[in-house]
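Asks: My structure is below; once you've seen it, I'll send some questions.
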Amino acid sequence: MAIERRLLWRIAAFMALFTLVSAADEFLGPHIIREPQNTTFNVDSSQQSTYLDCEAQGTPKPKYYWQKDSQNLTFTDDVFLSGGRLTINDPNRNTHAGWYQCFASNDVGTVMSQPAYLAFAYVNSFPFEARTDYEMTEDEGGCIDCEIPDFAPGVTVQWFYKGAPLISSSATRTTFDGRLCFASIMGNNEGLYNCAVTNIVQSGGGTQQLSKPFYVEVNGNSRPDTSSPPTRAVDVEDRTVLLGESVSLECYFFGNSVPNLRWSRTGGTIPSKAQTNKNNQELIIPDVELDDAGEYECSASNDILDDVKISGRITVKVPPQWLTELEDVSADIYDEATLECAAESPDGVTYEWYRNTELLTSRDRHTFSNNQQTLRITDLDRTDTAIYQCVAKNDFGAAYSTGQLTVRAIAPTFHIPLPTNQPAPRDGSVIIKCQPDAAPKPTIEWYHGEEKLATGGRYTIMEDGNLQITDVNDDDGGSYKCVATNTEGTAESVGSLAIKDGTSIQEHPEEKVITVGTDYTLRCSATTDEVFELAYFWMKGETQIDVVDDPHYEMDEGNLIIKDVQLTHAGLYTCVAQTTVDRAETSAMINVKGPPGPPAGVRVEITSTSNDVNALVSWMPGADHYSEIIYYKIESRTEYMPEWKEERDTIPATVQEVRLNGVSPWSTYEFRVTAMNDLGYGEPSEPSEPVTTPQKSPTKAPENVRGCCGGVGNLKIEWDALHMEDWNAPELLYIVAWQRADSDSDDFDEYTTIGEGTTHHLVTGVPAYTMYSVKVRATNAEGMGPFSPPAEVYSFQELPEAVPTNVKGSSKSGSSIRVSWTGIDANSFQGVLGGYKVKYWPSSETIDVAQVHRSEGSATATDITGLTFGMDYKFVVVAYNGDNENGPDSSEGSAATLKSPPLAVPGGLKVSPDGKNGLSVSWKAIKVGSTEEPLQGYKVLYWKEGQFEKDAEVKTINNPSTVKTVLSGLTNKETYLVKVRGYSKGGDGPVQDTPAKLNLESVQQGASRDGSGGGGASTLSVSFAFLFALSLLSLLYQPL
């Protein structure tokens, strides 16, 4: 009994020790999570205290102390701590202003916060003495000074004139330093002025200080011309600002008239986020970025002078920004540890390191490198456990980063013991893990039963202390012991191995040639001991196949399915059957039959004769992909024709060299070759090296030679420019030749164009409307090309001089009128009568706004559509010739459009059967208003389902009082759709959005449909439903 009690005490003591060691590992040094912030206390506020916040995390809970101006603070009733918060009662700017820093400490170490400044906001009173008055000259600029008393950190200034607040305008400006400036003072500006200043820090309220009033006297100006150009009143001062802050620039000019101000940026644009006040006197840029730095310019302009400029520069400075912050690090005793931090700033960065808030410098075991961004501590001991801080600094700020170094010194302990009866595959390999928790790293010894093991033969004691056994046999079963020893102690753990059957492949995949586009299954199966969980995966080459995301692969147990096989799927496939302790694998080569691979080594040799340029293209065959190559094709491209163009196809497979005749001179060519087998064309070869063909004279004549516009006595000849591919050499020009078509001579007049882009030539002094024979040829640096076939071209026609007569108009509808006239004699001029044009315009306008309606040919009447309802129009008619040139205007005619067609849609549209082949259609009458023509009747549109509404048949009802009709002669068993519209002389009105619908096959059911297109029940259907309901009710109420 006593032995059992002692055993229990030992177990309890061990557990307590284990708990203590574990808890020590969980110690966390203090880390600041809330930094104190710069604070400004308003001395005029009603608040009686201020505070600076500081909070740190850590285990155990940290304790706090503070320093002011690097001296430890003594706490009193007025200066005290609550957690990490420092509270100051009755703050005094002489006693309490300064730099404050928070320190948090626990058993691991001490950390310091970033410094924070406590400032005081105040505005002193204005002097009691009276202010001196000002004298200013009318029509000249000037400023009056507020004479602001001492203040911190800033004030706003409000000016008063005769006791009323002054509103800022383009004529006045309250400057950043509090002055009131006048662009040009006026006589009515004379009077009493005073200013009020208020601290910009308004927390807790504040006091406004008001100056003594003073008088501004405005004297008359003796200059005869009182106007003046813009003159600088306020400089645009250079400003230095920190990244992320806001910056404001001010600008103001004297001048009469008052100058207009405009901001710009030298060498760039003003940031889109920038703002100006309403008079452009201030430019404000919020959240400043590095790109916002630069020179900003303010320009002033008035009636006397434009663009008077002043400028100032914004400089952006950047405090250090962290790239890499410190991290908590654990390291074993006697080992080494590395702490790293890195910050950036275009203004440079220096680094300081602190250990428990004490400045660290290089010493025996502590060394710095990489511009002091890296701290390396060697031969660690327990005293190195501490809080470390890296401080990155420059002239514009500092950044603090904190990390904890924990030095571990632990006697070996087996939290994870060796496994008992760990399965090991016969003929395979096994690793027995030995994982003691220890610091420093322990030495490891292994025993199999009583036999001590060493690395050699089938045994390997690995770097991490684990034991690996290969070629496992039955003798390897039994007990194993791992012994771990370091400077702090020794521990051991015992486990055992159980020998089991290993994994063995039973079904192997077959080597195969498969065709592109098909599916194929690679088979694989294996066996293993039942204690092991067997899993499969496949490799292609050295890469594991992703059967989840790759749509071409799918697994079915151990089998691999390749779907929609592509050429890229060829390769060595390996099936891996794997358990937690061993694996077996088997491989098969898969080849893919598909279109040929790209030919290789495409070479080109250019040859030239006096008449032709040839290209000799040669190549080497590519892979046939298990299907014999049948043909090749050759393609080319040039700088002028960048798309590939086929040059030759169905080249026999036995041919690997082809001469291409007639390639384009003066071009840079690339060629490529593609092979074809019974599965189609494969990928093309890589393009050949570029080759340039020699220059030749043009071989192609310009096309589409034609006549064009001009004037009487002109022959204008046009043609299509040669594509650059057909130039054959530089310095391309055109030669134009022409003669009268009725000439018996073989001589043509010729003209050589100037400029390669010219594609027309104007011949003057020729008779009107006379046929000419015209041809064009190209010439270049190498010579002349062929002429185009002669084209028949007429010279410009005469203008018609006759005027259409008897011009009349009449109303046709609400949106159209009809215009008629007596035409001119087509033989009255040298040319062809092209037709007539009607120029028309509203009678309330002039002919300058006229639109033109064209009537081709000899017709002498036309309809003009798309007009406005109920409007009077004027018009004239002109004849035009075959060159679309107009003759003189006729006398004016006039006509009016009718009022609008009906605007309402007939409502209540219903359809019902009328015999086997008819429909009865009814609707509600519509009314027309004063802007509409009188209603003449209705039009019923009807068409079969499946046809288009535009092809509907129309039945016209010529009586506006009739609201019902029958459509007869319809086809039984067809579905009809029906719409109805009103009409008048003004035209057709609108129809329903949705047609009424009825299937004549349902005549026996008496179906009717309304305009909703839904299914309004017929009278017969309603009656049947009513009778059915009554019958059902009678049955329900019969006694049982």
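We name chains A, B, ... following the order of the structure tokens; residues begin at 1 in each chain, and ligands are numbered from 1 as shown.
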Based on the backbone DSSP call, show me all residues of region 191-437 of chain A assigned helix (DSSP H, G or I), as number ranges by chain.

Replies: A: 290-292, 382-384

Asks: If you run DSSP on the backbone here, which positions in region 517-642 of chain A get strand (DSSP E)? Please write them as a ChimeraX atom specification.

Replies: /A:520-522,525-527,535-540,543-544,553-556,559-562,571-578,583-593,600-608,613-620,631-638

Asks: Could you tell me which of A:Asn591, A:Thr692, A:Ser815, A:Asn714 comes closest to Ser608 (chain A) if we count only C-alpha atoms?

Replies: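 Ranking A:Asn591, A:Thr692, A:Ser815, A:Asn714 by distance to Ser608 (chain A), first place goes to A:Thr692.
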
Asks: List as a list of chain:residue names the protein and nucleic acid residues near Glu340 (chain A), meaning an atom at most 6 Å away when only C-alpha atoms are counted, but skip any in the same chain fewer than 2 places from it.

Replies: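 My reading of the contact set: A:Leu326, A:Gln373, A:Thr374.
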
Asks: Suppose we keep C-alpha atoms; can you now write the selection as a PDB file, in the first residue's frame?

Replies:
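Okay, this is what ended up in result_8.pdb:
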ATOM      1  CA  LEU A 326      10.887  41.537 -36.443  1.00  0.00           C
ATOM      2  CA  GLN A 373      19.343  45.249 -40.691  1.00  0.00           C
ATOM      3  CA  THR A 374      20.487  41.853 -39.366  1.00  0.00           C
TER       4      THR A 374
END

Asks: If we count only C-alpha atoms and set the cut-off at 9 Å, which residues sit around region 167-179 of chain A, ignoring sequence neighbours fewer than 6 positions away in its own chain? Please answer as a PyMOL selection string.

Replies: chain A and resi 143-148+155-159+185+195+197+234+250-252+254+258-261+278-281

Asks: What's the 10 Å shell around Asp624 (chain A), counting only C-alpha atoms, without same-chain residues fewer than 6 positions away, as a list in words?

Replies: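 That gives Lys593, Gly594, Pro595, Pro596, Gly597, Pro598, Pro599, Ile630, Ala675, Met676, Asn677 and Gly682 of chain A.
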
Asks: Could you turn the residues from that selection into a file that holds N, CA, C and O atoms, as a compact mmCIF listing (two decimals), in the first residue's frame?

Replies:
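Below you can see selection12.txt, which holds the result:
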# COMPACT_ATOMS: atom_id res chain seq x y z
N LYS A 593 -0.83 8.56 -82.01
CA LYS A 593 -0.94 8.71 -83.45
C LYS A 593 -1.76 9.96 -83.74
O LYS A 593 -2.90 10.08 -83.29
N GLY A 594 -1.17 10.88 -84.51
CA GLY A 594 -1.87 12.12 -84.78
C GLY A 594 -1.31 12.83 -85.98
O GLY A 594 -0.46 12.29 -86.71
N PRO A 595 -1.76 14.07 -86.24
CA PRO A 595 -1.21 14.84 -87.35
C PRO A 595 0.29 15.01 -87.21
O PRO A 595 0.83 14.97 -86.09
N PRO A 596 1.00 15.21 -88.29
CA PRO A 596 2.46 15.28 -88.23
C PRO A 596 2.94 16.46 -87.40
O PRO A 596 2.27 17.47 -87.24
N GLY A 597 4.17 16.31 -86.92
CA GLY A 597 4.83 17.42 -86.24
C GLY A 597 5.34 18.43 -87.25
O GLY A 597 5.33 18.20 -88.46
N PRO A 598 5.79 19.60 -86.78
CA PRO A 598 6.25 20.63 -87.71
C PRO A 598 7.54 20.22 -88.42
O PRO A 598 8.46 19.69 -87.78
N PRO A 599 7.64 20.46 -89.74
CA PRO A 599 8.92 20.26 -90.42
C PRO A 599 9.98 21.18 -89.82
O PRO A 599 9.68 22.18 -89.17
N ILE A 630 1.66 12.38 -96.07
CA ILE A 630 1.14 12.27 -97.44
C ILE A 630 1.56 13.49 -98.27
O ILE A 630 2.05 13.36 -99.39
N ALA A 675 3.05 19.76 -92.75
CA ALA A 675 2.89 18.39 -93.26
C ALA A 675 1.47 17.90 -92.98
O ALA A 675 0.82 18.35 -92.03
N MET A 676 1.01 16.95 -93.82
CA MET A 676 -0.31 16.36 -93.64
C MET A 676 -0.21 14.85 -93.73
O MET A 676 0.54 14.30 -94.55
N ASN A 677 -0.96 14.13 -92.85
CA ASN A 677 -1.13 12.69 -92.98
C ASN A 677 -2.62 12.38 -92.97
O ASN A 677 -3.46 13.30 -93.11
N GLY A 682 -0.72 19.05 -89.61
CA GLY A 682 -0.14 19.25 -88.29
C GLY A 682 0.22 20.70 -88.05
O GLY A 682 -0.25 21.60 -88.76

Asks: Pick out the residues sitting within 10 Å of Ser222 (chain A), and hand them over as number ranges by chain; count only C-alpha atoms, and ignore anything fewer than 3 positions along from it in its own chain.

Replies: A: 137-138, 219, 225-226

Asks: As a short mmCIF file (atom, residue, chain, number, x, y, z; two decimals) with C-alpha atoms, in the first residue's frame, please: the residues near Gly835 (chain A) (cut-off 10 Å, only C-alpha atoms, same-chain neighbours under 3 positions excluded).

Replies:
data_model
loop_
_atom_site.label_atom_id
_atom_site.label_comp_id
_atom_site.auth_asym_id
_atom_site.auth_seq_id
_atom_site.Cartn_x
_atom_site.Cartn_y
_atom_site.Cartn_z
CA GLY A 823 -39.86 68.37 -115.71
CA ILE A 824 -37.21 69.93 -117.94
CA ALA A 826 -33.46 66.19 -120.95
CA VAL A 832 -27.54 63.05 -118.68
CA ARG A 854 -33.84 62.85 -104.17
CA SER A 855 -36.06 61.48 -106.97
CA GLU A 856 -33.97 59.61 -109.53
CA GLY A 857 -34.88 59.43 -113.23
CA SER A 858 -37.56 61.31 -115.11
CA ALA A 859 -40.46 60.94 -112.60
CA THR A 860 -42.17 64.28 -111.88
CA VAL A 878 -34.08 71.39 -108.95
CA ALA A 879 -32.88 69.15 -111.76
CA TYR A 880 -29.46 67.47 -111.42
CA ASN A 881 -27.16 65.88 -113.97
CA GLY A 882 -25.39 62.50 -114.08
CA ASN A 884 -25.01 64.83 -109.26
CA ASN A 886 -27.70 70.76 -109.41
#

Asks: In Å, how far is it from CA of Val329 (chain A) to CA of Asn466 (chain A)?

Replies: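 Pair CA of Val329 (chain A) / CA of Asn466 (chain A) returns 25.5 Å.
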
Asks: Work out how far CA of Ser618 (chain A) is from CA of Arg672 (chain A), in Å to one decimal.

Replies: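 The value is 9.9 Å.
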
Asks: So what do you get for CA of Val658 (chain A) versus CA of Leu616 (chain A), distance-wise?

Replies: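 Distance between the two atoms: 5.8 Å.
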